[in-house]
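Student: One structure is given below, represented as structure tokens, and several questions about it will come after.
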Amino acid sequence: MKISVDTSGLASALFELEDDINKAVRPAAQAGAQVLYDNVKQNVNRIGKVTGNLSNSIYQVYSERQSTEGKAVYEVSWNPRKAPHGHLVEYGHVKKYAVYMGSDGKWYTNKNKPVPPVQIAAQPFMRPAISKFNEAMDAVKDRLIEELNK
């Protein structure tokens with residue numbers, strides 16, 4: 001008994017599918033990043049606003065440096081130039097000096113005016129977004145299928 005299988009058609013179909021997959025990777029990755037971005041924004045807005053700088057500093061961006069063919073990387077974070085206090089909110093801190101808002105709307109620390117140390121509790125906005133990772137991966141899968149069916 002003998003069985004023969006011709007896979008030449010399968011190889012060309014897989015080759016064509018590779019191009020489609022490479023084109024679909026970036027929109028799929030962005031769909032996952034969007035889920036995380038939306039959750040981070042929601043977490044920041046739940047904290048409340050004083051100036052709105054932290055909320056306005058949240059971003060998602062495609063990372064060309066980390067991406068390769070078949071792999072798309074998006075970063076979701078906050079811009080420390082717009083909100084240099086982001087890490088203090090995310091992880092908490094000890095307040096040792098008086099703070100005040102200047103006439104320019106920025107916050108300043110008066111190191112000439114010490115206060116009794118007070119632990120300021122963390123109000124994480126980035127780390128809780130990790131709980132939405134499965135939702136983000138579902139969005140990636142859904143978008144990948146959508147892109148491949150075009």
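Every chain in the structure tokens takes a letter, A first, then B, and so on in the order presented; its residues are numbered from 1, and the ligands are numbered from 1 following the presented order.
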Per DSSP on the backbone, what are the helix (DSSP H, G or I) residues of chain A, as a PyMOL selection string?
Tutor: chain A and resi 8-47+53-57+86-91+127-148
Student: Mind writing the picked residues with C-alpha atoms as a JSON list (two decimals), in the first residue's frame?
Tutor:
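The file below, result-v1.json, is the result:
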[["chain", "number", "residue", "atom", "x", "y", "z"],
["A", 8, "SER", "CA", 3.14, 22.15, -3.19],
["A", 9, "GLY", "CA", -0.21, 23.96, -3.16],
["A", 10, "LEU", "CA", -0.16, 24.12, 0.64],
["A", 11, "ALA", "CA", 3.32, 25.65, 0.66],
["A", 12, "SER", "CA", 2.30, 28.45, -1.72],
["A", 13, "ALA", "CA", -0.91, 29.08, 0.28],
["A", 14, "LEU", "CA", 1.11, 29.35, 3.49],
["A", 15, "PHE", "CA", 3.55, 31.71, 1.76],
["A", 16, "GLU", "CA", 0.67, 33.96, 0.69],
["A", 17, "LEU", "CA", -0.84, 33.77, 4.17],
["A", 18, "GLU", "CA", 2.48, 34.91, 5.65],
["A", 19, "ASP", "CA", 2.18, 38.27, 3.88],
["A", 20, "ASP", "CA", -1.39, 38.69, 5.11],
["A", 21, "ILE", "CA", -0.36, 37.83, 8.67],
["A", 22, "ASN", "CA", 2.52, 40.33, 8.58],
["A", 23, "LYS", "CA", 0.09, 43.04, 7.44],
["A", 24, "ALA", "CA", -2.43, 42.09, 10.16],
["A", 25, "VAL", "CA", 0.02, 42.02, 13.07],
["A", 26, "ARG", "CA", 0.22, 45.78, 13.66],
["A", 27, "PRO", "CA", -3.56, 46.49, 13.71],
["A", 28, "ALA", "CA", -4.03, 43.45, 15.94],
["A", 29, "ALA", "CA", -1.37, 44.62, 18.39],
["A", 30, "GLN", "CA", -2.90, 48.09, 18.43],
["A", 31, "ALA", "CA", -6.30, 46.62, 19.33],
["A", 32, "GLY", "CA", -4.74, 44.98, 22.38],
["A", 33, "ALA", "CA", -2.88, 48.15, 23.32],
["A", 34, "GLN", "CA", -6.14, 50.09, 23.05],
["A", 35, "VAL", "CA", -7.78, 47.89, 25.71],
["A", 36, "LEU", "CA", -4.87, 48.53, 28.10],
["A", 37, "TYR", "CA", -4.73, 52.25, 27.25],
["A", 38, "ASP", "CA", -8.47, 52.67, 27.88],
["A", 39, "ASN", "CA", -8.14, 50.91, 31.23],
["A", 40, "VAL", "CA", -5.17, 53.06, 32.30],
["A", 41, "LYS", "CA", -7.10, 56.22, 31.36],
["A", 42, "GLN", "CA", -10.10, 54.96, 33.34],
["A", 43, "ASN", "CA", -7.87, 54.26, 36.36],
["A", 44, "VAL", "CA", -6.31, 57.73, 36.22],
["A", 45, "ASN", "CA", -9.70, 59.41, 35.92],
["A", 46, "ARG", "CA", -10.93, 57.42, 38.93],
["A", 47, "ILE", "CA", -8.12, 58.95, 41.03],
["A", 53, "ASN", "CA", -1.53, 66.57, 33.65],
["A", 54, "LEU", "CA", -1.38, 62.87, 34.50],
["A", 55, "SER", "CA", -4.48, 62.05, 32.49],
["A", 56, "ASN", "CA", -3.21, 64.10, 29.56],
["A", 57, "SER", "CA", 0.16, 62.36, 29.69],
["A", 86, "GLY", "CA", 3.37, 59.82, 37.81],
["A", 87, "HIS", "CA", 5.66, 57.42, 39.66],
["A", 88, "LEU", "CA", 4.73, 59.04, 42.99],
["A", 89, "VAL", "CA", 1.06, 58.41, 42.30],
["A", 90, "GLU", "CA", 1.64, 54.87, 41.00],
["A", 91, "TYR", "CA", 3.87, 53.69, 43.85],
["A", 127, "ARG", "CA", -0.40, 48.06, 37.36],
["A", 128, "PRO", "CA", -4.15, 47.36, 37.66],
["A", 129, "ALA", "CA", -4.39, 47.50, 33.87],
["A", 130, "ILE", "CA", -2.48, 44.21, 33.81],
["A", 131, "SER", "CA", -5.68, 42.54, 35.01],
["A", 132, "LYS", "CA", -7.14, 43.38, 31.57],
["A", 133, "PHE", "CA", -4.40, 41.46, 29.75],
["A", 134, "ASN", "CA", -6.69, 38.54, 28.82],
["A", 135, "GLU", "CA", -9.23, 41.03, 27.46],
["A", 136, "ALA", "CA", -6.42, 42.67, 25.46],
["A", 137, "MET", "CA", -5.34, 39.32, 24.04],
["A", 138, "ASP", "CA", -8.95, 38.59, 23.03],
["A", 139, "ALA", "CA", -9.00, 41.93, 21.20],
["A", 140, "VAL", "CA", -5.73, 40.97, 19.45],
["A", 141, "LYS", "CA", -7.17, 37.62, 18.33],
["A", 142, "ASP", "CA", -10.44, 39.16, 17.16],
["A", 143, "ARG", "CA", -8.68, 41.87, 15.17],
["A", 144, "LEU", "CA", -6.22, 39.38, 13.67],
["A", 145, "ILE", "CA", -9.09, 37.21, 12.44],
["A", 146, "GLU", "CA", -10.89, 40.29, 11.13],
["A", 147, "GLU", "CA", -7.80, 41.44, 9.22],
["A", 148, "LEU", "CA", -7.16, 37.97, 7.75]]
Student: Residues within 7 Å of Val73 (chain A), please, as a ChimeraX atom specification. Count only C-alpha atoms; anything in the same chain fewer than 3 positions from it doesn't count.
Tutor: /A:29,62-63,66-67
Student: Can you list every residue of region 44-95 of chain A that has an atom at most 12 Å from region 102-105 of chain A, with its nearest atom pair and the distance in Å to one decimal, using only C-alpha atoms, ordered by chain then number, as CSV?
Tutor:
residue,atom,partner,partner_atom,distance
A:Val50,CA,A:Gly105,CA,10.1
A:Thr51,CA,A:Gly105,CA,7.7
A:Gly52,CA,A:Gly105,CA,10.9
A:Asn53,CA,A:Gly105,CA,10.3
Student: Can you write out the residues you just picked, keeping N, CA, C and O atoms, as a PDB file, in the first residue's frame?
Tutor:
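Writing done, so here's part31.pdb:
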ATOM      1  N   VAL A  50      -6.296  67.102  39.661  1.00  0.00           N
ATOM      2  CA  VAL A  50      -5.942  68.390  40.248  1.00  0.00           C
ATOM      3  C   VAL A  50      -5.632  69.330  39.090  1.00  0.00           C
ATOM      4  O   VAL A  50      -6.251  70.376  38.948  1.00  0.00           O
ATOM      5  N   THR A  51      -4.676  68.923  38.246  1.00  0.00           N
ATOM      6  CA  THR A  51      -4.347  69.732  37.068  1.00  0.00           C
ATOM      7  C   THR A  51      -4.735  69.025  35.771  1.00  0.00           C
ATOM      8  O   THR A  51      -4.837  69.660  34.738  1.00  0.00           O
ATOM      9  N   GLY A  52      -4.887  67.707  35.820  1.00  0.00           N
ATOM     10  CA  GLY A  52      -5.183  66.936  34.612  1.00  0.00           C
ATOM     11  C   GLY A  52      -3.945  66.524  33.850  1.00  0.00           C
ATOM     12  O   GLY A  52      -4.046  65.875  32.810  1.00  0.00           O
ATOM     13  N   ASN A  53      -2.767  66.887  34.362  1.00  0.00           N
ATOM     14  CA  ASN A  53      -1.532  66.568  33.652  1.00  0.00           C
ATOM     15  C   ASN A  53      -1.302  65.070  33.522  1.00  0.00           C
ATOM     16  O   ASN A  53      -0.837  64.599  32.483  1.00  0.00           O
TER      17      ASN A  53
END
Student: Record the distance separating CA of Tyr108 (chain A) and CA of Lys82 (chain A), expressed in Å with one decimal.
Tutor: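 Result for CA of Tyr108 (chain A) versus CA of Lys82 (chain A): 14.3 Å, one decimal.
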Student: DSSP says strand (DSSP E or B) for which residues of chain A? Put them as a PyMOL selection string?
Tutor: chain A and resi 58-62+68+71+74-78+93-101+107-120
Student: What is the CA of His93 (chain A)-CA of Gln119 (chain A) distance in Å, reported with one decimal?
Tutor: 6.0 Å
Student: Show me, as a list of chain:residue names, the residues that have an atom within 8 Å of region 110-112 of chain A when counting only C-alpha atoms, minus same-chain residues fewer than 3 positions from it.
Tutor: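 The residues that qualify are A:Tyr97, A:Ala98, A:Val99, A:Tyr100.
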Student: Can you measure CA of Thr68 (chain A) to CA of Phe125 (chain A) for me? One decimal in Å is fine.
Tutor: 29.1 Å
